[in-house]
file coords_18.txt (compact mmCIF, C-alpha atoms)
# COMPACT_ATOMS: atom_id res chain seq x y z
CA MET A 1 2.19 25.74 5.63
CA ASN A 2 0.43 24.79 8.87
CA THR A 3 2.25 25.62 12.08
CA TRP A 4 2.23 23.32 15.09
CA PRO A 5 -0.14 25.51 17.18
CA THR A 6 -2.68 25.55 14.32
CA ARG A 7 -2.57 21.78 14.01
CA ALA A 8 -2.62 21.23 17.77
CA ALA A 9 -5.86 23.18 18.03
CA ALA A 10 -7.51 20.63 15.74
CA LEU A 11 -6.45 17.58 17.74
CA PRO A 12 -9.16 15.53 19.45
CA ASP A 13 -9.48 15.78 23.21
CA ARG A 14 -9.52 12.01 23.56
CA VAL A 15 -8.64 8.88 21.60
CA SER A 16 -10.01 5.40 22.20
CA ILE A 17 -7.47 2.56 22.01
CA ARG A 18 -8.41 -1.06 21.50
CA GLU A 19 -5.72 -3.36 22.83
CA VAL A 20 -5.23 -6.30 20.45
CA GLY A 21 -2.20 -8.01 21.96
CA PRO A 22 -4.07 -10.97 23.47
CA ARG A 23 -5.52 -11.93 20.09
CA ASP A 24 -3.79 -10.33 17.12
CA GLY A 25 -0.50 -10.20 18.99
CA LEU A 26 -0.37 -13.72 20.38
CA GLN A 27 -1.65 -15.41 17.23
CA SER A 28 1.73 -14.77 15.65
CA GLU A 29 3.81 -15.96 18.60
CA ASN A 30 4.72 -19.44 19.73
CA PRO A 31 1.75 -20.79 21.71
CA ILE A 32 1.71 -19.89 25.38
CA PRO A 33 -0.40 -21.59 28.09
CA PRO A 34 -3.99 -20.38 28.54
CA GLU A 35 -3.29 -19.27 32.09
CA ASP A 36 -0.62 -16.90 30.77
CA LYS A 37 -3.08 -15.45 28.29
CA VAL A 38 -5.48 -14.86 31.17
CA ARG A 39 -2.72 -13.13 33.16
CA LEU A 40 -2.06 -10.83 30.23
CA ILE A 41 -5.72 -9.94 29.65
CA ASP A 42 -6.36 -9.34 33.35
CA ALA A 43 -3.26 -7.16 33.63
CA LEU A 44 -4.33 -5.10 30.61
CA SER A 45 -7.78 -4.67 32.14
CA GLY A 46 -6.13 -2.85 35.05
CA THR A 47 -4.29 -0.21 33.00
CA GLY A 48 -7.23 2.02 32.15
CA LEU A 49 -7.75 0.52 28.70
CA ARG A 50 -11.46 0.40 27.94
CA ARG A 51 -11.40 -1.95 24.94
CA ILE A 52 -9.59 -5.27 24.63
CA GLU A 53 -9.70 -7.78 21.78
CA ALA A 54 -9.50 -10.92 23.89
CA VAL A 55 -9.73 -14.05 21.72
CA SER A 56 -10.50 -15.42 18.29
CA PHE A 57 -13.02 -18.18 17.61
CA VAL A 58 -11.18 -19.69 14.68
CA HIS A 59 -10.64 -23.32 13.71
CA PRO A 60 -7.67 -24.65 15.71
CA LYS A 61 -6.03 -26.05 12.59
CA ALA A 62 -6.01 -22.59 11.03
CA ILE A 63 -4.45 -20.76 13.99
CA PRO A 64 -3.40 -23.20 16.76
CA GLN A 65 -2.40 -20.30 19.02
CA MET A 66 -6.12 -19.46 19.43
CA ALA A 67 -7.37 -23.02 19.99
CA ASP A 68 -8.02 -22.37 23.69
CA ALA A 69 -10.32 -19.36 23.21
CA ASP A 70 -13.22 -20.80 25.23
CA GLU A 71 -10.95 -21.86 28.08
CA VAL A 72 -9.23 -18.49 28.22
CA TRP A 73 -12.44 -16.50 28.10
CA ARG A 74 -14.04 -18.51 30.91
CA ALA A 75 -11.08 -17.76 33.17
CA VAL A 76 -10.75 -14.02 32.49
CA THR A 77 -11.71 -11.69 35.32
CA ARG A 78 -13.96 -9.37 33.38
CA SER A 79 -13.92 -5.71 34.30
CA PRO A 80 -17.28 -3.95 33.93
CA GLU A 81 -15.39 -0.93 32.63
CA VAL A 82 -13.87 -2.82 29.67
CA GLN A 83 -15.54 -3.74 26.39
CA TYR A 84 -14.13 -7.11 25.36
CA SER A 85 -14.42 -8.25 21.76
CA ALA A 86 -13.73 -11.40 19.77
CA LEU A 87 -12.70 -12.04 16.19
CA ALA A 88 -14.68 -14.57 14.16
CA PRO A 89 -13.77 -15.76 10.65
CA ASN A 90 -17.28 -16.92 9.74
CA LEU A 91 -20.85 -17.44 10.95
CA LYS A 92 -19.96 -20.48 13.05
CA GLY A 93 -17.21 -18.58 14.83
CA ALA A 94 -19.49 -15.58 15.41
CA GLN A 95 -22.15 -17.83 16.91
CA ARG A 96 -19.52 -19.28 19.26
CA ALA A 97 -18.55 -15.76 20.28
CA LEU A 98 -22.13 -14.79 21.07
CA ASP A 99 -22.73 -18.04 22.95
CA ALA A 100 -19.63 -17.26 25.02
CA GLY A 101 -21.12 -13.90 26.00
CA PHE A 102 -19.49 -11.42 23.63
CA ASP A 103 -21.67 -8.61 22.33
CA HIS A 104 -19.03 -7.10 20.03
CA VAL A 105 -17.86 -9.35 17.21
CA GLU A 106 -15.28 -8.57 14.53
CA VAL A 107 -15.26 -10.26 11.14
CA VAL A 108 -12.50 -9.81 8.61
CA VAL A 109 -12.21 -9.65 4.84
CA SER A 110 -9.09 -8.83 2.85
CA ALA A 111 -9.28 -6.23 0.12
CA SER A 112 -6.72 -8.37 -1.69
CA ASP A 113 -8.09 -11.57 -3.23
CA THR A 114 -4.73 -13.32 -2.93
CA HIS A 115 -4.39 -12.55 0.78
CA ASN A 116 -8.00 -13.51 1.43
CA LEU A 117 -7.55 -16.85 -0.35
CA ASN A 118 -4.38 -17.53 1.59
CA ASN A 119 -5.97 -16.44 4.86
CA ILE A 120 -9.41 -18.06 4.80
CA LYS A 121 -9.50 -19.99 1.51
CA ARG A 122 -12.16 -17.76 -0.05
CA SER A 123 -12.18 -14.94 -2.54
CA THR A 124 -12.97 -11.44 -1.33
CA ASP A 125 -16.42 -11.58 -2.95
CA GLU A 126 -17.13 -14.95 -1.32
CA SER A 127 -16.18 -13.52 2.06
CA LEU A 128 -18.42 -10.52 1.51
CA ASP A 129 -21.32 -12.85 0.74
CA GLY A 130 -20.54 -14.71 3.96
CA ILE A 131 -20.46 -11.50 5.97
CA ALA A 132 -23.87 -10.50 4.59
CA GLU A 133 -25.20 -13.92 5.65
CA LEU A 134 -23.62 -13.54 9.09
CA ILE A 135 -25.15 -10.11 9.66
CA ALA A 136 -28.59 -11.33 8.56
CA ALA A 137 -28.38 -14.44 10.73
CA LEU A 138 -27.20 -12.73 13.91
CA GLY A 139 -29.06 -9.45 13.72
CA ASP A 140 -31.83 -10.51 16.08
CA ARG A 141 -29.27 -11.38 18.77
CA GLY A 142 -28.19 -7.75 18.88
CA PRO A 143 -24.38 -7.83 18.65
CA THR A 144 -22.29 -5.01 17.28
CA ILE A 145 -20.74 -6.29 14.06
CA GLU A 146 -17.47 -4.69 13.04
CA VAL A 147 -16.02 -5.48 9.62
CA ILE A 148 -12.24 -5.31 9.45
CA VAL A 149 -10.93 -4.71 5.94
CA ALA A 150 -7.44 -6.23 5.92
CA THR A 151 -4.70 -5.30 3.44
CA ALA A 152 -6.47 -1.96 3.15
CA PHE A 153 -3.25 -0.15 2.23
CA GLY A 154 -1.41 -2.83 0.30
CA CYS A 155 -0.91 -6.56 -0.10
CA PRO A 156 2.40 -8.46 0.20
CA TYR A 157 1.42 -10.59 -2.80
CA GLU A 158 -0.36 -8.10 -5.09
CA GLY A 159 1.26 -4.82 -4.11
CA ASP A 160 -0.82 -1.64 -3.93
CA VAL A 161 -4.54 -2.00 -3.32
CA ALA A 162 -6.58 0.80 -4.86
CA ALA A 163 -8.38 3.00 -2.36
CA GLU A 164 -11.45 2.77 -4.62
CA ARG A 165 -11.55 -1.00 -4.16
CA VAL A 166 -11.39 -0.68 -0.39
CA ALA A 167 -14.08 2.02 -0.43
CA SER A 168 -16.35 -0.23 -2.53
CA ILE A 169 -16.02 -2.96 0.12
CA VAL A 170 -17.08 -0.44 2.75
CA ASP A 171 -20.10 0.50 0.62
CA ARG A 172 -21.09 -3.17 0.37
CA VAL A 173 -20.82 -4.09 4.05
CA ILE A 174 -22.53 -0.91 5.25
CA THR A 175 -25.42 -1.68 2.89
CA ASP A 176 -25.52 -5.20 4.31
CA GLY A 177 -25.84 -3.87 7.85
CA ALA A 178 -22.37 -3.66 9.39
CA HIS A 179 -22.24 -1.26 12.33
CA ARG A 180 -18.56 -0.33 12.29
CA ILE A 181 -15.55 -0.43 9.94
CA ALA A 182 -11.89 -1.00 10.68
CA PHE A 183 -9.00 -0.74 8.24
CA GLY A 184 -6.08 -3.11 8.74
CA ASP A 185 -2.58 -2.20 7.59
CA THR A 186 -1.77 -5.89 7.53
CA THR A 187 1.85 -5.70 6.45
CA GLY A 188 2.79 -2.15 7.39
CA MET A 189 2.45 -0.77 3.85
CA ALA A 190 0.44 2.31 4.85
CA THR A 191 1.91 5.79 4.58
CA PRO A 192 0.26 9.11 5.47
CA ARG A 193 -0.49 9.73 1.78
CA ARG A 194 -2.29 6.40 1.38
CA VAL A 195 -4.19 6.90 4.63
CA ALA A 196 -5.38 10.28 3.40
CA GLU A 197 -6.45 8.88 0.02
CA LEU A 198 -8.59 6.18 1.59
CA LEU A 199 -10.14 8.36 4.29
CA ASP A 200 -10.98 11.05 1.70
CA LEU A 201 -13.09 8.51 -0.18
CA VAL A 202 -14.69 6.79 2.78
CA ARG A 203 -15.47 9.90 4.81
CA SER A 204 -17.11 11.60 1.84
CA ALA A 205 -19.42 8.62 1.29
CA HIS A 206 -20.00 7.60 4.93
CA PRO A 207 -19.31 10.58 7.19
CA ASP A 208 -21.02 9.09 10.25
CA VAL A 209 -19.86 5.47 10.19
CA PRO A 210 -17.50 4.73 13.11
CA LEU A 211 -13.98 4.05 11.81
CA LEU A 212 -11.07 2.37 13.56
CA LEU A 213 -7.57 2.06 12.10
CA HIS A 214 -5.07 -0.71 12.78
CA PHE A 215 -1.48 0.10 11.86
CA HIS A 216 1.67 -1.97 11.86
CA ASN A 217 5.03 -0.34 12.39
CA THR A 218 6.84 -2.69 10.03
CA ARG A 219 8.32 0.20 8.07
CA GLY A 220 8.29 2.82 10.82
CA THR A 221 5.23 4.80 9.70
CA ALA A 222 2.59 3.78 12.25
CA LEU A 223 2.60 6.90 14.43
CA ALA A 224 2.71 9.19 11.38
CA ASN A 225 -0.31 7.32 10.03
CA VAL A 226 -2.16 7.83 13.31
CA LEU A 227 -1.55 11.58 13.11
CA THR A 228 -2.88 11.65 9.55
CA ALA A 229 -5.98 9.70 10.52
CA MET A 230 -6.67 12.09 13.41
CA ASP A 231 -6.63 14.94 10.90
CA TYR A 232 -9.62 13.18 9.30
CA GLY A 233 -11.46 12.91 12.59
CA VAL A 234 -10.57 9.29 13.38
CA VAL A 235 -10.32 8.80 17.15
CA GLU A 236 -10.21 5.00 17.42
CA PHE A 237 -7.07 2.93 16.95
CA ASP A 238 -5.83 -0.58 17.55
CA ALA A 239 -2.49 -1.17 19.24
CA SER A 240 -0.68 -4.14 20.74
CA VAL A 241 1.17 -4.14 24.04
CA GLY A 242 4.91 -4.28 23.49
CA GLY A 243 4.36 -4.34 19.73
CA LEU A 244 3.33 -8.00 19.88
CA GLY A 245 2.35 -9.75 16.71
CA GLY A 246 1.92 -9.42 13.00
CA CYS A 247 0.00 -11.66 10.61
CA PRO A 248 0.68 -15.40 10.18
CA TYR A 249 -0.50 -15.22 6.55
CA ALA A 250 1.53 -12.19 5.48
CA PRO A 251 5.29 -12.51 5.00
CA GLY A 252 7.24 -9.83 6.84
CA ALA A 253 4.22 -8.45 8.71
CA SER A 254 6.00 -8.00 11.99
CA GLY A 255 5.36 -5.25 14.43
CA ASN A 256 1.91 -4.08 15.43
CA LEU A 257 1.98 -0.51 16.69
CA ALA A 258 2.98 -0.76 20.37
CA THR A 259 0.25 0.46 22.70
CA GLU A 260 2.67 2.21 25.02
CA GLU A 261 4.26 4.08 22.09
CA LEU A 262 0.84 5.33 20.98
CA VAL A 263 -0.17 6.34 24.51
CA HIS A 264 3.20 8.03 25.08
CA MET A 265 2.84 10.18 21.95
CA LEU A 266 -0.81 11.08 22.50
CA HIS A 267 -0.36 12.09 26.12
CA ASP A 268 2.57 14.34 25.23
CA MET A 269 0.33 16.01 22.64
CA GLY A 270 -2.40 16.62 25.21
CA VAL A 271 -4.71 13.90 23.86
CA GLU A 272 -6.22 11.80 26.65
CA THR A 273 -6.54 8.01 26.47
CA GLY A 274 -7.50 7.07 30.02
CA VAL A 275 -4.50 4.72 30.13
CA ASP A 276 -1.88 4.67 32.90
CA LEU A 277 1.37 4.63 30.90
CA ASP A 278 3.54 3.33 33.74
CA ALA A 279 1.12 0.47 34.36
CA LEU A 280 1.04 -0.28 30.64
CA ILE A 281 4.83 -0.49 30.45
CA GLU A 282 4.74 -3.02 33.30
CA VAL A 283 2.29 -5.11 31.28
CA ALA A 284 4.58 -4.84 28.24
CA GLU A 285 7.36 -6.27 30.42
CA LEU A 286 5.01 -9.10 31.39
CA ALA A 287 4.16 -9.75 27.74
CA GLU A 288 7.84 -9.91 26.86
CA SER A 289 8.48 -12.45 29.59
CA LEU A 290 5.50 -14.58 28.54
CA VAL A 291 6.54 -14.86 24.89
CA GLY A 292 10.20 -15.24 25.73
CA ARG A 293 11.64 -12.77 23.25
CA GLU A 294 12.53 -9.10 23.09
CA LEU A 295 9.58 -7.05 21.87
CA PRO A 296 10.12 -4.12 19.48
CA SER A 297 8.61 -1.30 21.54
CA GLY A 298 10.95 1.66 21.93
CA VAL A 299 9.07 2.97 24.96
CA LEU A 300 9.42 -0.43 26.61
CA ARG A 301 13.19 -0.24 26.06
CA ALA A 302 13.83 3.43 26.89
CA GLY A 303 10.86 4.33 29.06
CA PRO A 304 8.84 7.53 28.67
CA ARG A 305 10.60 10.76 27.74
CA THR A 306 10.12 11.95 31.34
CA ARG A 307 12.38 9.17 32.64
CA LEU A 308 15.71 10.85 33.35
CA THR A 309 19.18 9.42 33.76
CA PRO A 310 20.97 10.24 37.02
CA LYS A 311 23.49 12.99 36.59
CA PRO A 312 27.05 11.74 36.30
CA ASP A 313 29.40 12.41 39.17
CA ILE A 314 31.75 14.93 37.56
CA LYS A 315 34.98 15.39 39.41
CA ASP A 316 37.25 18.39 39.11

call {"tool": "encode", "arguments": {"input": "coords_18.txt", "output": "C-alpha cells"}}
result
Amino acid sequence: MNTWPTRAAALPDRVSIREVGPRDGLQSENPIPPEDKVRLIDALSGTGLRRIEAVSFVHPKAIPQMADADEVWRAVTRSPEVQYSALAPNLKGAQRALDAGFDHVEVVVSASDTHNLNNIKRSTDESLDGIAELIAALGDRGPTIEVIVATAFGCPYEGDVAAERVASIVDRVITDGAHRIAFGDTTGMATPRRVAELLDLVRSAHPDVPLLLHFHNTRGTALANVLTAMDYGVVEFDASVGGLGGCPYAPGASGNLATEELVHMLHDMGVETGVDLDALIEVAELAESLVGRELPSGVLRAGPRTRLTPKPDIKD
C-alpha cells in the first residue's frame, strides 16, 4: 500500500486551472445582464487565473443565456496574462469565435448518442464528421482546436459509457487534426476507478496529447477524481467559481467542481496554481450575488482551513 509521502513525491509542481464559470457555469443559470458577465470575467482575470472560458457562440434559441456573447466579449478588459477561450457548437460558431479574436476554440461531442442528439440534434458520428470539417476549414487561420468529449464517464440517459468508445473518439479526432482533448464528466458520474480506466487507454495510445479533465461534484467525487487524474500525469483541469453551473441538457447535472475548492486542496498539498485563493473567494461571493442564489462551494461557505474562529471567552 502506498503511503502519503510516497504519493506526495509524485505530485506535479503545478496545475493549470481553466475557469469555466462565465460560460459553462452561467449557461445553466437564469440569464444575467451582459454587464454582470463582464464584471465576473474581469474579476476572475485579477485572481491569478491564466485561463478563462469566456463565452459560447451558440444559437440563441439553443442556449439563451449565451445570446449576448459578442456584446460581452467586446466589453471585457482583456488581460495579456490570461488565455481566453470560447466554445463553439459547429463551424459557424467557430468562425464567429475567430472573427471575434479568439485563438483557442473548443468544440464538443458527446460520447453518448442520446445526449448528443438531445444537445445538438446530431448523432455522435455526425458531430465527429462536423468536427473534421471544422478542423479542415479553419486550419489555415491557426487556432488551437480543443475537442471536448462530453458524457465521457457516463450518460444520464444511457448509463455507463464504455471507456473503449471514448478512446475511439479520441483516436478519430486526433487523426483529424485536433490539438487538445478534454473529457467532460457531464453529470458527475465519474469515479476514480472510471477515470483510471479511461486514462489507461488514452495515455497508452496518445501519451503526448494534452489532456484536460472537467469534473462535476454532483455525487461528491470531483476532488477524488482530480487526484486520480494527477496520478496519470494530468495537470490541467476545469473548474467553476462557486461551483456555478451544470448542463442544461442533462437532468440532475448540478455542481461543477468549485474553483476555490480545487485551489484550496492543491495549495495545501504543495501544488501551485498561481491563483490567489482569498481573491478567488471574493469573486465567488460576487458570482453568488449576481445569480441570486446560494452556490454549493464549501470553501465559499466555510473559508479556507487556515481561517480560525475566535477563541470563546471562557469564564471561571

call {"tool": "residues_near_point", "arguments": {"input": "coords_18.txt", "point": "(-8.2, -15.3, 4.6)", "cutoff": "12 Å", "atoms": "all atoms listed in the file", "output": "PyMOL selection string"}}
result
chain A and resi 58+62-63+88-90+107-128+148-151+186+247-250

call {"tool": "atom_distance", "arguments": {"input": "coords_18.txt", "atom1": "CA of Glu282 (chain A)", "atom2": "CA of Leu262 (chain A)"}}
result
15.4 Å

call {"tool": "closest_residue", "arguments": {"input": "coords_18.txt", "among": "A:Gly270, A:Pro64, A:Gly188, A:Pro33", "to": "Cys155 (chain A)", "atoms": "all atoms listed in the file"}}
result
A:Gly188

call {"tool": "residues_near_point", "arguments": {"input": "coords_18.txt", "point": "(6.6, -1.6, 24.2)", "cutoff": "8 Å", "atoms": "all atoms listed in the file", "output": "PyMOL selection string"}}
result
chain A and resi 241-243+258-261+281+284-285+295-301

call {"tool": "residues_around", "arguments": {"input": "coords_18.txt", "residues": "His264 (chain A)", "least_positions_apart": "3", "cutoff": "10 Å", "atoms": "all atoms listed in the file", "output": "JSON, numbers by chain"}}
result
{"A": [258, 259, 260, 261, 267, 268, 269, 271, 273, 275, 276, 277, 278, 299, 303, 304, 305]}
